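Below is model-v8.cif, holding mmCIF, C-alpha atoms and all ligand atoms.
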data_input
loop_
_atom_site.label_atom_id
_atom_site.label_comp_id
_atom_site.auth_asym_id
_atom_site.auth_seq_id
_atom_site.Cartn_x
_atom_site.Cartn_y
_atom_site.Cartn_z
CA MET A 12 -31.99 6.91 36.95
CA SER A 13 -31.81 10.67 36.72
CA GLU A 14 -33.25 11.25 33.28
CA HIS A 15 -35.51 13.99 34.42
CA ALA A 16 -33.11 15.82 36.72
CA ALA A 17 -31.18 18.74 35.24
CA THR A 18 -27.86 17.18 36.23
CA PRO A 19 -24.59 18.84 35.23
CA ALA A 20 -22.51 16.58 33.01
CA THR A 21 -19.74 16.41 35.63
CA THR A 22 -21.82 14.97 38.48
CA PRO A 23 -21.81 11.18 38.80
CA THR A 24 -25.42 10.04 38.99
CA ALA A 25 -27.32 7.03 40.19
CA ASN A 26 -27.44 5.58 36.69
CA ALA A 27 -23.66 5.40 36.40
CA ASP A 28 -23.93 1.60 36.58
CA GLN A 29 -26.48 1.73 33.76
CA ARG A 30 -24.01 2.05 30.91
CA ALA A 31 -25.72 1.32 27.59
CA VAL A 32 -24.85 -2.23 26.50
CA LYS A 33 -27.55 -2.67 23.87
CA ALA A 34 -27.73 -1.03 20.47
CA VAL A 35 -30.60 -0.60 18.06
CA ILE A 36 -29.87 -0.26 14.35
CA PRO A 37 -32.87 0.99 12.37
CA ALA A 38 -32.43 -0.49 8.91
CA ALA A 39 -35.94 -0.77 7.55
CA GLY A 40 -35.80 2.22 5.17
CA LEU A 41 -36.67 2.02 1.49
CA ALA A 42 -33.34 3.50 0.31
CA THR A 43 -34.88 5.57 -2.47
CA ARG A 44 -31.73 7.74 -2.73
CA PHE A 45 -29.74 4.81 -4.06
CA LEU A 46 -32.14 3.28 -6.58
CA PRO A 47 -31.93 1.19 -8.68
CA ALA A 48 -28.96 -0.40 -6.81
CA THR A 49 -31.15 -0.87 -3.75
CA LYS A 50 -34.17 -2.31 -5.56
CA ALA A 51 -33.30 -5.87 -4.47
CA VAL A 52 -30.22 -5.33 -2.25
CA PRO A 53 -30.61 -3.52 1.09
CA LYS A 54 -28.43 -0.37 1.15
CA GLU A 55 -26.96 -1.63 4.41
CA LEU A 56 -25.43 -4.56 2.51
CA LEU A 57 -23.63 -2.50 -0.12
CA PRO A 58 -19.94 -3.34 0.30
CA LEU A 59 -17.33 -0.91 1.55
CA VAL A 60 -14.41 -2.73 -0.12
CA ASP A 61 -15.00 -6.22 1.31
CA ARG A 62 -17.56 -5.86 4.10
CA PRO A 63 -21.11 -4.54 4.01
CA VAL A 64 -21.74 -1.10 5.53
CA LEU A 65 -23.81 -2.75 8.24
CA GLN A 66 -20.91 -4.89 9.44
CA TYR A 67 -18.80 -1.78 10.04
CA ILE A 68 -21.66 -0.32 12.05
CA VAL A 69 -22.03 -3.45 14.18
CA GLU A 70 -18.22 -3.47 14.64
CA GLU A 71 -18.38 0.17 15.75
CA ALA A 72 -21.02 -0.74 18.34
CA THR A 73 -19.09 -3.72 19.70
CA ALA A 74 -15.87 -1.66 19.88
CA ALA A 75 -17.83 0.68 22.19
CA GLY A 76 -18.71 -2.18 24.56
CA ILE A 77 -22.10 -3.10 23.08
CA SER A 78 -22.81 -6.83 23.27
CA ASP A 79 -26.43 -6.95 22.12
CA VAL A 80 -27.60 -5.53 18.79
CA LEU A 81 -31.19 -5.30 17.58
CA LEU A 82 -31.66 -4.77 13.84
CA ILE A 83 -34.95 -3.15 12.92
CA THR A 84 -35.68 -4.64 9.51
CA GLY A 85 -38.38 -4.35 6.91
CA ARG A 86 -39.71 -6.19 3.90
CA GLY A 87 -37.03 -7.38 1.45
CA LYS A 88 -34.27 -7.04 4.05
CA THR A 89 -33.90 -10.62 5.24
CA SER A 90 -30.49 -11.00 3.56
CA MET A 91 -29.21 -8.44 6.08
CA VAL A 92 -29.94 -10.89 8.86
CA ASP A 93 -28.33 -13.77 6.94
CA HIS A 94 -25.05 -11.86 6.91
CA PHE A 95 -24.82 -12.24 10.70
CA ASP A 96 -25.72 -15.94 10.66
CA ARG A 97 -23.31 -18.88 10.27
CA GLN A 98 -22.92 -20.43 6.80
CA PRO A 99 -21.98 -24.07 7.59
CA TYR A 100 -21.76 -25.21 3.95
CA LEU A 101 -19.46 -22.38 2.89
CA GLU A 102 -17.44 -22.72 6.08
CA GLY A 103 -16.98 -26.45 5.35
CA ARG A 104 -15.75 -25.75 1.82
CA LEU A 105 -13.24 -23.14 3.02
CA ALA A 106 -12.06 -25.43 5.84
CA ASP A 107 -11.51 -28.28 3.31
CA LYS A 108 -9.40 -25.94 1.21
CA GLY A 109 -7.47 -24.80 4.28
CA ASP A 110 -8.42 -21.17 3.59
CA GLN A 111 -8.23 -20.04 7.22
CA GLU A 112 -8.26 -16.34 6.39
CA ARG A 113 -11.56 -16.39 4.50
CA LEU A 114 -13.01 -18.84 7.00
CA ALA A 115 -12.33 -16.39 9.83
CA ALA A 116 -13.72 -13.53 7.74
CA ILE A 117 -17.06 -15.24 7.07
CA ARG A 118 -17.43 -16.35 10.70
CA ARG A 119 -16.62 -12.93 12.09
CA PRO A 120 -20.07 -11.30 11.63
CA SER A 121 -21.74 -14.04 13.69
CA GLU A 122 -19.16 -13.64 16.46
CA LEU A 123 -19.37 -9.87 16.89
CA ALA A 124 -22.39 -9.63 19.19
CA GLU A 125 -25.72 -11.21 19.99
CA ILE A 126 -27.76 -10.09 16.97
CA TYR A 127 -31.54 -9.88 17.26
CA THR A 128 -34.06 -8.69 14.73
CA CYS A 129 -37.45 -7.10 14.80
CA ARG A 130 -39.63 -6.13 11.88
CA GLN A 131 -41.08 -2.67 11.41
CA HIS A 132 -44.26 -3.58 9.57
CA GLU A 133 -44.81 -0.18 7.96
CA PRO A 134 -42.29 2.57 7.19
CA LEU A 135 -43.78 5.12 9.59
CA GLY A 136 -40.56 6.97 10.40
CA LEU A 137 -37.36 6.76 12.43
CA GLY A 138 -39.13 7.42 15.72
CA HIS A 139 -41.58 4.61 15.02
CA ALA A 140 -38.70 2.27 14.06
CA VAL A 141 -36.91 2.97 17.36
CA GLY A 142 -40.22 2.44 19.18
CA CYS A 143 -40.28 -1.13 17.83
CA ALA A 144 -37.28 -1.86 20.11
CA GLN A 145 -39.12 -1.26 23.40
CA SER A 146 -39.68 -4.84 24.53
CA HIS A 147 -36.15 -5.85 23.59
CA VAL A 148 -34.42 -2.91 25.25
CA GLY A 149 -36.50 -2.81 28.43
CA ASN A 150 -35.74 -0.28 31.12
CA GLU A 151 -32.11 0.60 30.23
CA PRO A 152 -30.34 3.32 28.32
CA PHE A 153 -29.36 2.17 24.82
CA ALA A 154 -27.49 3.30 21.74
CA VAL A 155 -29.00 3.90 18.31
CA LEU A 156 -26.79 3.74 15.22
CA LEU A 157 -28.35 4.57 11.86
CA GLY A 158 -27.68 1.82 9.34
CA ASP A 159 -26.49 4.10 6.55
CA GLU A 160 -24.00 6.31 8.35
CA PHE A 161 -20.35 5.36 8.47
CA VAL A 162 -18.15 6.80 11.21
CA ASP A 163 -14.38 6.43 10.80
CA GLU A 164 -13.16 3.72 13.17
CA ASN A 165 -9.91 5.68 13.65
CA ASP A 166 -11.91 8.51 15.20
CA PRO A 167 -14.57 6.75 17.29
CA LEU A 168 -17.51 8.64 18.69
CA LEU A 169 -19.78 6.16 20.44
CA PRO A 170 -17.58 5.34 23.49
CA ALA A 171 -17.50 9.03 24.52
CA MET A 172 -21.28 9.28 24.01
CA ILE A 173 -21.95 6.20 26.16
CA ASP A 174 -19.58 7.48 28.89
CA LEU A 175 -21.30 10.86 28.93
CA GLN A 176 -24.78 9.32 29.09
CA ALA A 177 -23.72 7.08 32.01
CA ARG A 178 -22.59 10.19 33.92
CA ALA A 179 -25.19 12.77 32.88
CA GLY A 180 -28.24 10.56 32.22
CA GLY A 181 -30.86 11.71 29.75
CA ILE A 182 -30.13 11.88 26.04
CA VAL A 183 -26.71 12.15 24.42
CA LEU A 184 -26.44 13.17 20.77
CA ALA A 185 -23.58 13.84 18.37
CA PHE A 186 -23.47 16.87 16.12
CA MET A 187 -21.69 17.81 12.95
CA GLU A 188 -21.51 21.28 11.48
CA VAL A 189 -23.37 21.64 8.17
CA PRO A 190 -23.70 24.50 5.70
CA PRO A 191 -27.06 26.40 5.73
CA ALA A 192 -28.24 24.70 2.52
CA GLU A 193 -28.11 21.31 4.29
CA THR A 194 -30.09 21.99 7.46
CA LYS A 195 -33.24 20.74 5.70
CA ARG A 196 -31.75 17.22 5.60
CA TYR A 197 -31.12 16.85 9.35
CA GLY A 198 -32.35 17.35 12.88
CA ILE A 199 -30.88 20.69 14.02
CA ALA A 200 -30.18 21.73 17.62
CA SER A 201 -29.95 24.98 19.53
CA VAL A 202 -27.28 24.69 22.21
CA GLU A 203 -25.53 26.42 25.09
CA PRO A 204 -22.23 25.58 26.82
CA ALA A 205 -22.44 22.51 29.09
CA ALA A 206 -21.24 22.50 32.71
CA GLU A 207 -18.42 20.24 31.55
CA SER A 208 -17.62 21.54 28.09
CA VAL A 209 -14.76 19.21 27.17
CA GLN A 210 -14.42 15.44 27.62
CA ASN A 211 -11.16 13.87 26.44
CA GLY A 212 -10.70 16.67 23.94
CA ALA A 213 -14.28 16.48 22.58
CA GLU A 214 -16.51 19.57 22.82
CA ILE A 215 -19.72 18.98 24.80
CA VAL A 216 -22.78 21.21 24.53
CA ARG A 217 -26.10 21.30 26.32
CA VAL A 218 -29.09 21.16 23.99
CA THR A 219 -31.87 23.70 24.48
CA GLY A 220 -34.00 22.92 21.42
CA LEU A 221 -34.35 20.40 18.59
CA VAL A 222 -36.14 20.71 15.26
CA GLU A 223 -36.37 18.17 12.43
CA LYS A 224 -35.29 19.28 8.95
CA PRO A 225 -35.73 23.06 9.22
CA SER A 226 -35.07 25.37 6.26
CA ALA A 227 -31.88 27.49 6.41
CA GLU A 228 -33.99 30.43 7.62
CA GLU A 229 -35.66 28.46 10.41
CA ALA A 230 -32.56 26.54 11.57
CA PRO A 231 -31.51 27.55 15.10
CA SER A 232 -27.84 26.69 14.38
CA ASN A 233 -25.61 24.77 11.99
CA LEU A 234 -25.33 21.78 14.35
CA ALA A 235 -26.91 18.73 12.71
CA VAL A 236 -27.81 15.53 14.54
CA LEU A 237 -25.55 12.73 13.32
CA GLY A 238 -26.88 9.17 13.21
CA ARG A 239 -25.63 8.10 16.66
CA TYR A 240 -27.74 8.49 19.80
CA VAL A 241 -27.67 7.25 23.38
CA LEU A 242 -31.20 7.33 24.73
CA PRO A 243 -32.96 6.69 28.03
CA PRO A 244 -35.84 4.15 28.06
CA SER A 245 -38.29 7.02 28.66
CA ILE A 246 -37.96 7.70 24.90
CA PHE A 247 -40.40 4.84 24.23
CA GLU A 248 -43.30 6.51 26.01
CA ALA A 249 -42.40 9.80 24.31
CA ILE A 250 -42.47 8.11 20.88
CA LYS A 251 -45.97 6.80 21.61
CA ARG A 252 -47.09 10.36 22.34
CA THR A 253 -45.42 11.78 19.20
CA LYS A 254 -47.64 12.77 16.28
CA PRO A 255 -46.43 12.51 12.66
CA GLY A 256 -44.11 15.42 11.87
CA SER A 257 -41.71 16.21 9.02
CA GLY A 258 -42.55 14.13 5.93
CA GLY A 259 -45.71 12.81 7.68
CA GLU A 260 -43.48 10.43 9.70
CA ILE A 261 -43.09 9.81 13.43
CA GLN A 262 -39.78 11.53 14.02
CA LEU A 263 -37.25 10.57 16.69
CA THR A 264 -36.22 14.24 16.86
CA ASP A 265 -39.78 15.24 17.86
CA ALA A 266 -39.89 12.59 20.61
CA MET A 267 -36.52 13.80 21.94
CA ALA A 268 -37.72 17.42 21.79
CA MET A 269 -40.72 16.39 23.90
CA LEU A 270 -38.50 14.83 26.59
CA LEU A 271 -36.24 17.90 26.50
CA ALA A 272 -39.25 20.19 27.06
CA GLU A 273 -40.30 17.99 29.99
CA GLY A 274 -36.91 18.36 31.71
CA THR A 275 -34.76 15.48 30.44
CA PRO A 276 -31.15 16.68 30.08
CA VAL A 277 -29.88 16.50 26.50
CA HIS A 278 -26.17 16.81 25.77
CA GLY A 279 -24.31 16.66 22.50
CA ILE A 280 -20.74 15.94 21.48
CA VAL A 281 -19.53 17.98 18.52
CA TYR A 282 -17.87 15.46 16.23
CA ARG A 283 -15.03 16.66 14.08
CA GLY A 284 -13.98 13.29 12.70
CA THR A 285 -14.98 11.69 9.43
CA ARG A 286 -18.53 10.55 8.79
CA TYR A 287 -20.10 9.53 5.49
CA ASP A 288 -23.73 9.15 4.46
CA THR A 289 -23.47 5.79 2.73
CA GLY A 290 -27.18 5.84 1.86
CA ALA A 291 -26.48 7.99 -1.23
CA PRO A 292 -23.90 7.53 -4.01
CA LEU A 293 -21.49 10.39 -3.12
CA GLY A 294 -21.02 9.51 0.56
CA TYR A 295 -20.86 5.82 -0.32
CA LEU A 296 -18.06 6.40 -2.84
CA GLN A 297 -16.15 8.60 -0.38
CA ALA A 298 -16.32 5.85 2.24
CA VAL A 299 -15.18 3.21 -0.27
CA VAL A 300 -12.20 5.32 -1.37
CA GLN A 301 -11.14 6.10 2.21
CA ILE A 302 -11.31 2.48 3.32
CA ALA A 303 -9.60 1.23 0.16
CA CYS A 304 -6.74 3.72 0.66
CA GLN A 305 -6.25 2.54 4.25
CA ARG A 306 -6.73 -1.20 3.76
CA GLU A 307 -3.66 -3.35 4.31
CA GLY A 308 -2.70 -5.34 1.23
CA LEU A 309 -4.71 -3.03 -1.03
CA GLY A 310 -4.08 0.56 0.02
CA ASP A 311 -0.61 1.09 -1.52
CA GLU A 312 -1.62 -0.15 -4.94
CA PHE A 313 -5.00 1.59 -4.85
CA ARG A 314 -3.54 4.96 -3.81
CA ALA A 315 -0.92 4.80 -6.55
CA TRP A 316 -3.65 4.06 -9.12
CA LEU A 317 -5.94 6.74 -7.71
CA LYS A 318 -3.24 9.43 -7.93
CA GLU A 319 -2.59 8.57 -11.56
CA PHE A 320 -6.29 8.38 -12.34
CA VAL A 321 -7.03 11.77 -10.82
CA ALA A 322 -4.02 13.39 -12.49
CA ASP A 323 -4.95 12.08 -15.89
CA ALA A 324 -8.45 10.64 -15.67
CA PRO A 325 -8.71 8.31 -18.68
CA GLY A 326 -12.07 8.44 -20.43
CA VAL A 327 -13.22 11.46 -18.42
CA PRO A 328 -13.69 14.49 -20.66
CA SER A 329 -11.58 17.39 -19.33
CA THR A 330 -13.56 20.54 -18.55
C1 LIG B 401 -32.47 11.08 10.34
C2 LIG B 401 -32.98 11.94 11.49
C3 LIG B 401 -32.29 13.30 11.47
C4 LIG B 401 -30.78 13.10 11.53
C5 LIG B 401 -30.34 12.22 10.36
C6 LIG B 401 -28.86 11.89 10.46
O1 LIG B 401 -32.91 11.63 9.14
O2 LIG B 401 -34.38 12.07 11.38
O3 LIG B 401 -32.70 14.07 12.58
O4 LIG B 401 -30.13 14.37 11.46
O5 LIG B 401 -31.06 10.97 10.36
O6 LIG B 401 -28.43 11.25 9.31
P1 LIG B 401 -33.02 10.76 7.77
O7 LIG B 401 -31.62 10.64 7.24
O8 LIG B 401 -33.59 9.44 8.16
O9 LIG B 401 -33.90 11.56 6.87
#

Take the structure from the file and write it as structure tokens.
Ligand code: G1P
Amino acid sequence: MSEHAATPATTPTANADQRAVKAVIPAAGLATRFLPATKAVPKELLPLVDRPVLQYIVEEATAAGISDVLLITGRGKTSMVDHFDRQPYLEGRLADKGDQERLAAIRRPSELAEIYTCRQHEPLGLGHAVGCAQSHVGNEPFAVLLGDEFVDENDPLLPAMIDLQARAGGIVLAFMEVPPAETKRYGIASVEPAAESVQNGAEIVRVTGLVEKPSAEEAPSNLAVLGRYVLPPSIFEAIKRTKPGSGGEIQLTDAMAMLLAEGTPVHGIVYRGTRYDTGAPLGYLQAVVQIACQREGLGDEFRAWLKEFVADAPGVPST
């Protein structure tokens, strides 16, 4: 492993055979931005057309070569785990009816990957949630996918991140550009050009600083950390040394900033594809509309309706 060596992104390193094959999905949050819908239903189970958000995220991980997924859950979130289990009674009923299509659809979640769960006993922050994965992950690099961020499957991001981490070691992040008013919602990075600045068309930067949720005035750039990470196992020790930060929580950004300061290389891919924050109503609705427009057997009819609705929104007072 070369986590602590300042290796240029182009140089193959000893950890090239250590491609991340495990993913951690922190999904223990209280989902206050989507209340009351999320009072009894985990936000990760809200449907995007016909599948819960979380299934898309697990599908994204498996499409990137991940075969082992650890869900970090919390109180009231057990139904999330049930979604990835078999349902023999329902399967039997569908089989009796000869409904092969639905039968395949309900089996699919349990066939995607090996799904494991671990409970975060107290909501102490994202860094703390990731720290709960230590014994499961062991001494390997691993991916983290936040359970309420949807990345368009037509414009995947994770495979390039995993490739880069296998070559460069250290931490690999993904960034999106945000307006100044939004820096206070994200981790924000200061960056410089990387030795290898383009990988398959994607822009790569080298990270020189990280700060969690700075105000517009304090933000070192407009590059916000998106909810996909590929991390080295040294993050676990860093998390243990991390004191509560923004919001009184143990922040993953602070633990990564600590490793960066100690010499771990941190690279970022600037993502220009589509990403939605499905943990709040606006992003959730945008994701639903995009998927509905693209879905076979639904898209044509839905788009036609949507055009008409937008042109002449019935029941919506015109301004
Ligand atoms: C978390 C991270 C933040 C990151 C964001 C991406 O924040 O702490 O650095 O930019 O996810 O969505 P949260 O959304 O949990 O407040």

Taking only C-alpha atoms and all ligand atoms into account, which residues are within 9 Å of ligand LIG 401 (chain B), as number ranges by chain? A: 40, 136-138, 157, 159-160, 186, 194, 196-199, 221-224, 235-239, 257, 262-265, 288, 290

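Take atom CA of Leu271 of chain A and atom CA of Gly220 of chain A: the distance between them is 7.5 Å.
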
Tell me which of A:Gly180, A:Pro37, A:Gly158, A:Gly76 sits closest to Tyr287 of chain A, counting only C-alpha atoms. A:Gly158

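Remark: for Phe45 of chain A, the closest of the candidate residues A:Ala291, A:Val321, A:Leu168, A:Val299 is A:Ala291 (distances computed over all atoms listed in the file).
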
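Pairwise distance (atom CA of Asp110 of chain A, atom CA of Gln98 of chain A) equals 14.9 Å.
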
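Atom CA of Val281 of chain A is found 8.0 Å from atom CA of Glu188 of chain A.
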
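For Leu59 of chain A, the non-local neighbours within 8 Å, defined as residues at least 6 positions apart in the same chain or in other chains and counting all atoms listed in the file, are A:Tyr295, A:Ala298, A:Val299, A:Ile302.
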
Go ahead and save the residues from that selection, with C-alpha atoms, as a JSON list (two decimals), in the coordinates of the input.
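Result file is again_17.json:
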[["chain", "number", "residue", "atom", "x", "y", "z"],
["A", 295, "TYR", "CA", -20.86, 5.82, -0.32],
["A", 298, "ALA", "CA", -16.32, 5.85, 2.24],
["A", 299, "VAL", "CA", -15.18, 3.21, -0.27],
["A", 302, "ILE", "CA", -11.31, 2.48, 3.32]]

In terms of all atoms listed in the file, the residue from A:Ala48, A:Leu114, A:Ala124, A:Ser78 at minimal distance from Gln66 of chain A is A:Ala124

Can you list, as a ChimeraX atom specification, every protein, DNA or RNA residue that comes within 12 Å of Gly149 of chain A when you count only C-alpha atoms, leaving out same-chain residues fewer than 5 positions away? /A:31-34,142-144,243-248

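Residue nearest Val183 of chain A, chosen from A:Leu242, A:Ile36, A:Val148, A:Leu46 and counting only C-alpha atoms: A:Leu242.
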
Measuring atom to atom with only C-alpha atoms, identify which of A:Pro191, A:Gly279, A:Gly294, A:Pro170 is nearest to Ala74 of chain A. A:Pro170

Return as JSON the centre and edge lengths, in Å with one decimal, of the box along x, y and z that encloses every atom of segment 278-284 of chain A in the file, padded by 3 Å per side.
{"center_x": -20.1, "center_y": 15.6, "center_z": 19.2, "size_x": 18.2, "size_y": 10.7, "size_z": 19.1}

Name the residues in contact with segment 130-133 of chain A at a cut-off of 8 Å, using only C-alpha atoms, excluding same-chain residues fewer than 3 positions from it; report them as number ranges by chain. A: 39, 83-86, 140, 143

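The protein and nucleic acid residues lying at most 12 Å from segment 303-315 of chain A are Pro58, Leu59, Val60, Asp61, Arg62, Asp163, Glu164, Asn165, Leu296, Gln297, Ala298, Phe320, Val321 and Ala322 of chain A, with only C-alpha atoms considered and sequence neighbours fewer than 5 positions away removed.
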
Neighbourhood query: residues within 6 Å of (-24.3, -0.3, 6.4), file coordinates, counting only C-alpha atoms; return as a ChimeraX atom specification. /A:55-56,63-65,158-159

Grab the residues selected above and save them as a CSV table (one decimal), keeping the file's coordinate frame with C-alpha atoms.
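Contents of again.csv, as written:
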chain,number,residue,atom,x,y,z
A,55,GLU,CA,-27.0,-1.6,4.4
A,56,LEU,CA,-25.4,-4.6,2.5
A,63,PRO,CA,-21.1,-4.5,4.0
A,64,VAL,CA,-21.7,-1.1,5.5
A,65,LEU,CA,-23.8,-2.8,8.2
A,158,GLY,CA,-27.7,1.8,9.3
A,159,ASP,CA,-26.5,4.1,6.6

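Non-sequential neighbours of Ala205 of chain A (distance at most 7 Å, separation of 6 or more positions within a chain, all atoms listed in the file) are A:Ile215, A:Val216, A:Arg217.
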